[in-house]
file input06.csv (CSV, C-alpha atoms)
chain,number,residue,atom,x,y,z
A,1,MET,CA,33.7,-49.7,57.6
A,2,SER,CA,34.9,-53.1,58.9
A,3,GLU,CA,32.1,-55.2,57.4
A,4,LYS,CA,32.6,-56.2,53.8
A,5,LEU,CA,29.6,-55.0,51.8
A,6,ILE,CA,28.2,-57.4,49.3
A,7,LYS,CA,25.6,-57.6,46.6
A,8,VAL,CA,23.5,-60.7,46.2
A,9,VAL,CA,22.9,-62.1,42.7
A,10,ALA,CA,20.3,-64.8,42.3
A,11,ASP,CA,19.6,-66.7,39.1
A,12,CYS,CA,16.0,-68.0,39.2
A,13,THR,CA,16.7,-70.4,36.3
A,14,THR,CA,19.5,-72.3,38.1
A,15,GLY,CA,18.7,-71.4,41.7
A,16,GLU,CA,22.3,-70.3,42.1
A,17,VAL,CA,22.8,-67.4,44.6
A,18,LEU,CA,26.1,-65.6,44.6
A,19,GLU,CA,27.5,-63.1,47.1
A,20,VAL,CA,29.8,-60.6,45.4
A,21,GLU,CA,31.9,-58.2,47.3
A,22,LEU,CA,31.3,-54.6,46.2
A,23,THR,CA,34.0,-52.8,44.2
A,24,PRO,CA,35.4,-49.5,45.5
A,25,GLU,CA,33.3,-47.7,42.9
A,26,GLU,CA,30.1,-49.5,44.1
A,27,ILE,CA,30.9,-48.7,47.7
A,28,THR,CA,31.3,-45.1,46.7
A,29,GLU,CA,27.9,-45.2,45.0
A,30,HIS,CA,26.4,-47.0,47.9
A,31,GLU,CA,27.6,-44.4,50.4
A,32,ALA,CA,26.4,-41.6,48.1
A,33,ALA,CA,22.9,-43.3,48.0
A,34,ILE,CA,22.9,-43.5,51.8
A,35,ALA,CA,23.7,-39.8,52.0
A,36,VAL,CA,20.9,-39.0,49.6
A,37,MET,CA,18.5,-41.1,51.7
A,38,GLN,CA,19.6,-39.5,54.9
A,39,ALA,CA,19.0,-36.1,53.5
A,40,GLU,CA,15.6,-37.2,52.1
A,41,ARG,CA,14.6,-38.6,55.5
A,42,GLU,CA,15.6,-35.4,57.3
A,43,LYS,CA,13.6,-33.4,54.8
A,44,GLN,CA,10.6,-35.6,55.3
A,45,ALA,CA,10.9,-35.4,59.1
A,46,ALA,CA,11.0,-31.6,58.8
A,47,ILE,CA,7.9,-31.6,56.7
A,48,GLU,CA,6.2,-33.9,59.1
A,49,ALA,CA,7.2,-31.7,62.1
A,50,GLU,CA,5.9,-28.6,60.3
A,51,ARG,CA,2.6,-30.3,59.6
A,52,GLU,CA,2.2,-31.4,63.2
A,53,ALA,CA,3.0,-27.9,64.4
A,54,ALA,CA,0.5,-26.4,62.1
A,55,LYS,CA,-2.1,-28.9,63.2
A,56,GLN,CA,-1.4,-28.1,66.9
A,57,SER,CA,-1.5,-24.4,66.2
A,58,ALA,CA,-4.9,-24.7,64.4
A,59,ASN,CA,-6.3,-26.8,67.3
A,60,ASP,CA,-5.0,-24.2,69.8
A,61,LYS,CA,-6.7,-21.4,67.9
A,62,LEU,CA,-10.0,-23.4,67.8
A,63,ALA,CA,-9.8,-24.0,71.5
A,64,ALA,CA,-9.1,-20.3,72.1
A,65,LEU,CA,-12.4,-19.6,70.3
A,66,GLY,CA,-14.2,-21.7,72.8
A,67,LEU,CA,-14.5,-25.0,71.0
A,68,SER,CA,-14.4,-28.2,73.2
A,69,PRO,CA,-11.9,-31.0,72.3
A,70,GLU,CA,-14.9,-33.0,71.1
A,71,GLU,CA,-16.1,-30.2,68.8
A,72,ILE,CA,-12.5,-29.7,67.5
A,73,ALA,CA,-12.3,-33.5,66.8
A,74,ALA,CA,-15.7,-33.4,65.1
A,75,ILE,CA,-14.7,-30.7,62.6
A,76,THR,CA,-11.1,-31.8,62.0
A,77,GLY,CA,-11.7,-35.5,61.9
A,78,ALA,CA,-8.9,-36.1,64.4
B,1,MET,CA,-1.7,-71.4,42.6
B,2,LEU,CA,1.7,-70.0,43.7
B,3,GLU,CA,4.9,-71.8,43.0
B,4,LEU,CA,8.1,-70.8,44.8
B,5,ILE,CA,10.7,-69.8,42.2
B,6,GLN,CA,13.4,-68.4,44.4
B,7,SER,CA,13.9,-67.7,48.1
B,8,VAL,CA,17.0,-65.7,49.3
B,9,GLU,CA,17.9,-64.8,52.8
B,10,LEU,CA,20.0,-61.7,53.2
B,11,THR,CA,22.7,-60.7,55.7
B,12,SER,CA,23.3,-57.3,57.1
B,13,SER,CA,26.3,-56.9,54.8
B,14,ALA,CA,24.1,-57.1,51.7
B,15,THR,CA,23.4,-53.8,50.0
B,16,SER,CA,21.3,-55.1,47.1
B,17,ILE,CA,19.8,-58.2,45.7
B,18,SER,CA,19.1,-58.9,42.1
B,19,PHE,CA,17.2,-61.7,40.4
B,20,SER,CA,17.7,-62.8,36.8
B,21,GLY,CA,16.2,-65.6,34.9
B,22,ILE,CA,12.7,-64.5,35.9
B,23,PRO,CA,10.1,-66.8,34.5
B,24,THR,CA,7.7,-65.0,32.1
B,25,ASP,CA,5.3,-67.9,31.6
B,26,GLY,CA,2.4,-68.4,33.9
B,27,GLU,CA,0.0,-65.6,35.0
B,28,GLY,CA,2.5,-63.4,36.8
B,29,LEU,CA,4.7,-63.1,39.9
B,30,TRP,CA,4.3,-62.5,43.5
B,31,ILE,CA,7.3,-60.9,45.3
B,32,VAL,CA,7.3,-61.1,49.1
B,33,ALA,CA,9.9,-58.9,50.7
B,34,SER,CA,10.4,-59.4,54.4
B,35,LEU,CA,13.1,-57.0,55.5
B,36,TRP,CA,14.3,-56.6,59.1
B,37,GLY,CA,15.7,-53.5,60.8
B,38,SER,CA,16.3,-51.5,57.7
B,39,SER,CA,16.9,-47.9,58.6
B,40,SER,CA,16.9,-46.7,55.1
B,41,ASP,CA,14.8,-46.5,52.0
B,42,CYS,CA,14.5,-49.6,50.0
B,43,THR,CA,14.0,-49.4,46.3
B,44,LEU,CA,12.4,-52.0,44.1
B,45,THR,CA,13.6,-52.1,40.5
B,46,ILE,CA,12.2,-54.0,37.6
B,47,ASN,CA,14.4,-54.4,34.5
B,48,GLY,CA,16.9,-52.2,36.3
B,49,SER,CA,14.6,-49.2,36.4
B,50,THR,CA,13.2,-47.5,39.5
B,51,SER,CA,11.0,-45.2,37.4
B,52,ALA,CA,9.2,-48.3,36.1
B,53,THR,CA,8.3,-49.2,39.6
B,54,LYS,CA,7.4,-45.7,40.7
B,55,LYS,CA,3.8,-46.5,41.4
B,56,ALA,CA,4.8,-49.6,43.4
B,57,ARG,CA,7.1,-47.7,45.8
B,58,ARG,CA,5.6,-47.3,49.1
B,59,SER,CA,6.6,-46.3,52.6
B,60,ILE,CA,6.3,-49.4,54.7
B,61,GLY,CA,7.0,-50.1,58.3
B,62,SER,CA,8.3,-46.8,59.6
B,63,ALA,CA,6.5,-44.5,61.9
B,64,SER,CA,6.1,-42.0,59.2
B,65,SER,CA,4.9,-44.4,56.6
B,66,SER,CA,2.0,-43.3,54.6
B,67,PHE,CA,0.5,-45.9,52.3
B,68,GLY,CA,-1.1,-44.4,49.3
B,69,GLN,CA,1.4,-41.7,48.6
B,70,ASP,CA,3.8,-42.0,45.7
B,71,THR,CA,6.8,-41.7,47.9
B,72,VAL,CA,10.0,-43.7,48.4
B,73,PHE,CA,9.5,-47.3,49.2
B,74,LYS,CA,10.7,-47.8,52.7
B,75,ILE,CA,10.5,-51.2,54.4
B,76,GLY,CA,11.7,-52.3,57.8
B,77,GLY,CA,11.2,-49.1,59.7
B,78,LEU,CA,13.6,-47.0,61.7
B,79,ASN,CA,13.7,-49.0,64.9
B,80,GLN,CA,14.6,-52.5,64.1
B,81,HIS,CA,11.1,-53.5,63.0
B,82,LEU,CA,10.1,-56.1,60.5
B,83,GLY,CA,8.5,-54.7,57.4
B,84,VAL,CA,6.8,-56.9,54.8
B,85,ALA,CA,5.6,-56.0,51.4
B,86,VAL,CA,3.8,-58.1,48.8
B,87,PHE,CA,4.0,-57.1,45.2
B,88,ASP,CA,1.5,-58.6,42.7
B,89,ILE,CA,2.8,-58.5,39.1
B,90,PRO,CA,0.3,-59.9,36.6
B,91,PHE,CA,1.5,-60.8,33.1
B,92,TYR,CA,-0.5,-60.0,30.0
B,93,ALA,CA,-0.8,-61.8,26.7
B,94,ASP,CA,1.3,-59.3,24.9
B,95,GLY,CA,4.2,-59.9,27.3
B,96,GLY,CA,3.5,-56.7,29.3
B,97,TYR,CA,3.0,-56.6,33.0
B,98,ASN,CA,1.2,-54.6,35.7
B,99,ARG,CA,2.4,-53.9,39.2
B,100,ALA,CA,0.6,-53.5,42.4
B,101,VAL,CA,1.4,-53.5,46.1
B,102,ILE,CA,-1.3,-55.7,47.5
B,103,GLY,CA,-0.3,-55.6,51.1
B,104,ARG,CA,2.1,-54.3,53.6
B,105,GLY,CA,2.9,-54.9,57.2
B,106,GLY,CA,5.1,-53.3,59.7
B,107,SER,CA,5.7,-53.5,63.3
B,108,VAL,CA,2.7,-54.5,65.4
B,109,SER,CA,3.5,-51.7,67.8
B,110,GLN,CA,3.1,-49.2,65.0
B,111,ASN,CA,-0.2,-50.8,63.9
B,112,ASN,CA,1.0,-51.2,60.4
B,113,ASN,CA,-0.4,-54.6,59.8
B,114,ASP,CA,-2.5,-53.6,56.8
B,115,PHE,CA,-2.5,-56.8,54.8
B,116,ASN,CA,-6.3,-56.6,54.5
B,117,ASN,CA,-6.0,-53.2,52.7
B,118,TYR,CA,-5.3,-54.5,49.2
B,119,THR,CA,-4.4,-51.8,46.8
B,120,TYR,CA,-4.0,-52.4,43.1
B,121,ILE,CA,-2.2,-49.8,41.1
B,122,ASP,CA,-2.9,-49.5,37.4
B,123,THR,CA,0.5,-49.1,35.9
B,124,TYR,CA,0.4,-51.5,32.9
B,125,TRP,CA,3.5,-51.7,30.9
B,126,PRO,CA,2.8,-53.2,27.5
B,127,ASN,CA,5.3,-55.4,25.6
B,128,ALA,CA,7.8,-55.4,28.4
B,129,ASN,CA,8.9,-58.7,29.6
B,130,ILE,CA,10.5,-58.7,33.0
B,131,THR,CA,14.1,-59.8,32.8
B,132,SER,CA,15.3,-58.7,36.2
B,133,ILE,CA,14.0,-57.7,39.6
B,134,GLY,CA,16.1,-56.1,42.4
B,135,PHE,CA,16.0,-54.4,45.7
B,136,THR,CA,18.6,-52.0,46.9
B,137,ASN,CA,19.1,-50.7,50.4
B,138,ALA,CA,21.7,-49.4,52.8
B,139,GLY,CA,21.6,-52.7,54.7
B,140,PHE,CA,19.0,-55.4,55.0
B,141,GLY,CA,19.6,-56.6,58.5
B,142,ALA,CA,20.1,-60.2,59.6
B,143,LYS,CA,16.6,-61.6,59.2
B,144,SER,CA,15.7,-60.3,55.7
B,145,LYS,CA,14.3,-62.5,53.0
B,146,VAL,CA,13.0,-62.1,49.5
B,147,ASP,CA,10.8,-64.7,47.9
B,148,ILE,CA,9.6,-64.8,44.3
B,149,TYR,CA,6.6,-66.9,43.4
B,150,ARG,CA,5.1,-67.7,40.0
B,151,LYS,CA,1.4,-67.5,39.7
B,152,LYS,CA,-0.1,-70.3,37.7
B,153,ALA,CA,-3.7,-71.2,36.9
call {"tool": "encode", "arguments": {"input": "input06.csv", "output": "structure tokens"}}
result
Amino acid sequence: MSEKLIKVVADCTTGEVLEVELTPEEITEHEAAIAVMQAEREKQAAIEAEREAAKQSANDKLAALGLSPEEIAAITGA
Amino acid sequence: MLELIQSVELTSSATSISFSGIPTDGEGLWIVASLWGSSSDCTLTINGSTSATKKARRSIGSASSSFGQDTVFKIGGLNQHLGVAVFDIPFYADGGYNRAVIGRGGSVSQNNNDFNNYTYIDTYWPNANITSIGFTNAGFGAKSKVDIYRKKA
């Protein structure tokens, strides 16, 4: 990582704003947090994809029963 | 009436911002977070705690955002969008405070401009003066800004 990572510390009493370079420990923590966030995002994306697939499957089954797109929208609220 | 207490612009190399010396007089605080191009979750902390802000954490500005769910607070979106959140934090006579997300906005293309959808969350914390406020993120982008206002009568 070429860019130096910083934390910003602001004192509302004095208005002073400091930019402090992260320590190696803080960088490690930061990278770990990113990894956790990435994993969480992938998990959420998978849940979303599963939900969309289930919705499509349900719509397809309703269509196979003979319901029109308008009727499907009326009962699913889509 | 709102009085600007502190306004800080952030660079893309910033991973967190913390505010100390928070005024506890007045009727409360407004925090306006305008974060650009974040591709990661952003967490608001009050007094160093994320759990204390659990109810105020919302997904903002991303395509998968879902306001109203008690999920991770995302702001900025995944595709270099601007995300904006406004937090209303009223103070009480006993020193306690409440927290609420009163508005959010994301990219126009994602139709996330929902500032008219005010949502107050009842998460009153009694006897708990605010001593610090912070945001952490994987990177705030080059156009990010956090403003803190004091609410006065």
call {"tool": "interface_residues", "arguments": {"input": "input06.csv", "of": "chain A", "to": "chain B", "cutoff": "8 Å", "atoms": "all atoms listed in the file", "output": "list of chain:residue names"}}
result
A:Glu3, A:Lys4, A:Leu5, A:Ile6, A:Lys7, A:Val8, A:Val9, A:Ala10, A:Asp11, A:Cys12, A:Thr13, A:Gly15, A:Val17, A:His30, A:Ala33, A:Ile34, A:Met37, A:Gln38
call {"tool": "atom_distance", "arguments": {"input": "input06.csv", "atom1": "atom CA of Leu29 of chain B", "atom2": "atom CA of Glu19 of chain A"}}
result
23.9 Å
call {"tool": "atom_distance", "arguments": {"input": "input06.csv", "atom1": "atom CA of Gly48 of chain B", "atom2": "atom CA of Glu31 of chain A"}}
result
19.3 Å
call {"tool": "atom_distance", "arguments": {"input": "input06.csv", "atom1": "atom CA of Ala93 of chain B", "atom2": "atom CA of Tyr124 of chain B"}}
result
12.1 Å
call {"tool": "closest_residue", "arguments": {"input": "input06.csv", "among": "B:Asn47, B:Ile130, B:Met1, B:Ile31", "to": "Ala85 of chain B", "atoms": "all atoms listed in the file"}}
result
B:Ile31
call {"tool": "residues_near_point", "arguments": {"input": "input06.csv", "point": "(-7.6, -28.0, 63.3)", "cutoff": "7 Å", "atoms": "only C-alpha atoms", "output": "list in words"}}
result
Lys55, Ala58, Asn59, Leu62, Ile72 and Thr76 of chain A
call {"tool": "residues_around", "arguments": {"input": "input06.csv", "residues": "Asp25 of chain B", "least_positions_apart": "3", "cutoff": "10 Å", "atoms": "all atoms listed in the file", "output": "PyMOL selection string"}}
result
chain B and resi 22+28-29+91-93+95+150-152
call {"tool": "closest_residue", "arguments": {"input": "input06.csv", "among": "B:Leu4, B:Trp125, B:Pro90, B:Asn98", "to": "Tyr149 of chain B", "atoms": "all atoms listed in the file"}}
result
B:Leu4
call {"tool": "closest_residue", "arguments": {"input": "input06.csv", "among": "B:Ser144, B:Leu2, B:Tyr97, B:Gly26", "to": "Asn129 of chain B", "atoms": "all atoms listed in the file"}}
result
B:Tyr97
call {"tool": "build_atoms", "arguments": {"input": "input06.csv", "residues": "segment 52-70 of chain A", "atoms": "N, CA and C atoms", "output": "mmCIF file, in the frame of the given file"}}
result
data_model
loop_
_atom_site.group_PDB
_atom_site.id
_atom_site.type_symbol
_atom_site.label_atom_id
_atom_site.label_comp_id
_atom_site.auth_asym_id
_atom_site.auth_seq_id
_atom_site.Cartn_x
_atom_site.Cartn_y
_atom_site.Cartn_z
ATOM 1 N N GLU A 52 2.710 -31.167 61.820
ATOM 2 C CA GLU A 52 2.200 -31.400 63.200
ATOM 3 C C GLU A 52 2.093 -30.066 63.942
ATOM 4 N N ALA A 53 3.073 -29.202 63.743
ATOM 5 C CA ALA A 53 3.000 -27.900 64.400
ATOM 6 C C ALA A 53 1.851 -27.070 63.927
ATOM 7 N N ALA A 54 1.602 -27.126 62.614
ATOM 8 C CA ALA A 54 0.500 -26.400 62.100
ATOM 9 C C ALA A 54 -0.847 -26.924 62.589
ATOM 10 N N LYS A 55 -0.909 -28.240 62.722
ATOM 11 C CA LYS A 55 -2.100 -28.900 63.200
ATOM 12 C C LYS A 55 -2.362 -28.462 64.688
ATOM 13 N N GLN A 56 -1.305 -28.472 65.468
ATOM 14 C CA GLN A 56 -1.400 -28.100 66.900
ATOM 15 C C GLN A 56 -1.831 -26.637 66.995
ATOM 16 N N SER A 57 -1.215 -25.804 66.167
ATOM 17 C CA SER A 57 -1.500 -24.400 66.200
ATOM 18 C C SER A 57 -3.011 -24.148 65.857
ATOM 19 N N ALA A 58 -3.496 -24.872 64.840
ATOM 20 C CA ALA A 58 -4.900 -24.700 64.400
ATOM 21 C C ALA A 58 -5.822 -25.182 65.580
ATOM 22 N N ASN A 59 -5.473 -26.293 66.223
ATOM 23 C CA ASN A 59 -6.300 -26.800 67.300
ATOM 24 C C ASN A 59 -6.293 -25.788 68.492
ATOM 25 N N ASP A 60 -5.126 -25.211 68.752
ATOM 26 C CA ASP A 60 -5.000 -24.200 69.800
ATOM 27 C C ASP A 60 -5.919 -23.015 69.540
ATOM 28 N N LYS A 61 -5.929 -22.579 68.292
ATOM 29 C CA LYS A 61 -6.700 -21.400 67.900
ATOM 30 C C LYS A 61 -8.237 -21.743 68.053
ATOM 31 N N LEU A 62 -8.590 -22.955 67.643
ATOM 32 C CA LEU A 62 -10.000 -23.400 67.800
ATOM 33 C C LEU A 62 -10.394 -23.426 69.251
ATOM 34 N N ALA A 63 -9.489 -23.935 70.071
ATOM 35 C CA ALA A 63 -9.800 -24.000 71.500
ATOM 36 C C ALA A 63 -9.918 -22.609 72.106
ATOM 37 N N ALA A 64 -9.078 -21.687 71.598
ATOM 38 C CA ALA A 64 -9.100 -20.300 72.100
ATOM 39 C C ALA A 64 -10.457 -19.644 71.729
ATOM 40 N N LEU A 65 -11.088 -20.147 70.652
ATOM 41 C CA LEU A 65 -12.400 -19.600 70.300
ATOM 42 C C LEU A 65 -13.520 -20.191 71.105
ATOM 43 N N GLY A 66 -13.162 -21.173 71.930
ATOM 44 C CA GLY A 66 -14.200 -21.700 72.800
ATOM 45 C C GLY A 66 -14.651 -23.117 72.458
ATOM 46 N N LEU A 67 -14.097 -23.712 71.419
ATOM 47 C CA LEU A 67 -14.500 -25.000 71.000
ATOM 48 C C LEU A 67 -13.995 -26.087 72.013
ATOM 49 N N SER A 68 -14.815 -27.072 72.306
ATOM 50 C CA SER A 68 -14.400 -28.200 73.200
ATOM 51 C C SER A 68 -13.517 -29.128 72.382
ATOM 52 N N PRO A 69 -12.744 -29.956 73.069
ATOM 53 C CA PRO A 69 -11.900 -31.000 72.300
ATOM 54 C C PRO A 69 -12.814 -31.840 71.441
ATOM 55 N N GLU A 70 -14.011 -32.174 71.901
ATOM 56 C CA GLU A 70 -14.900 -33.000 71.100
ATOM 57 C C GLU A 70 -15.354 -32.279 69.838
#
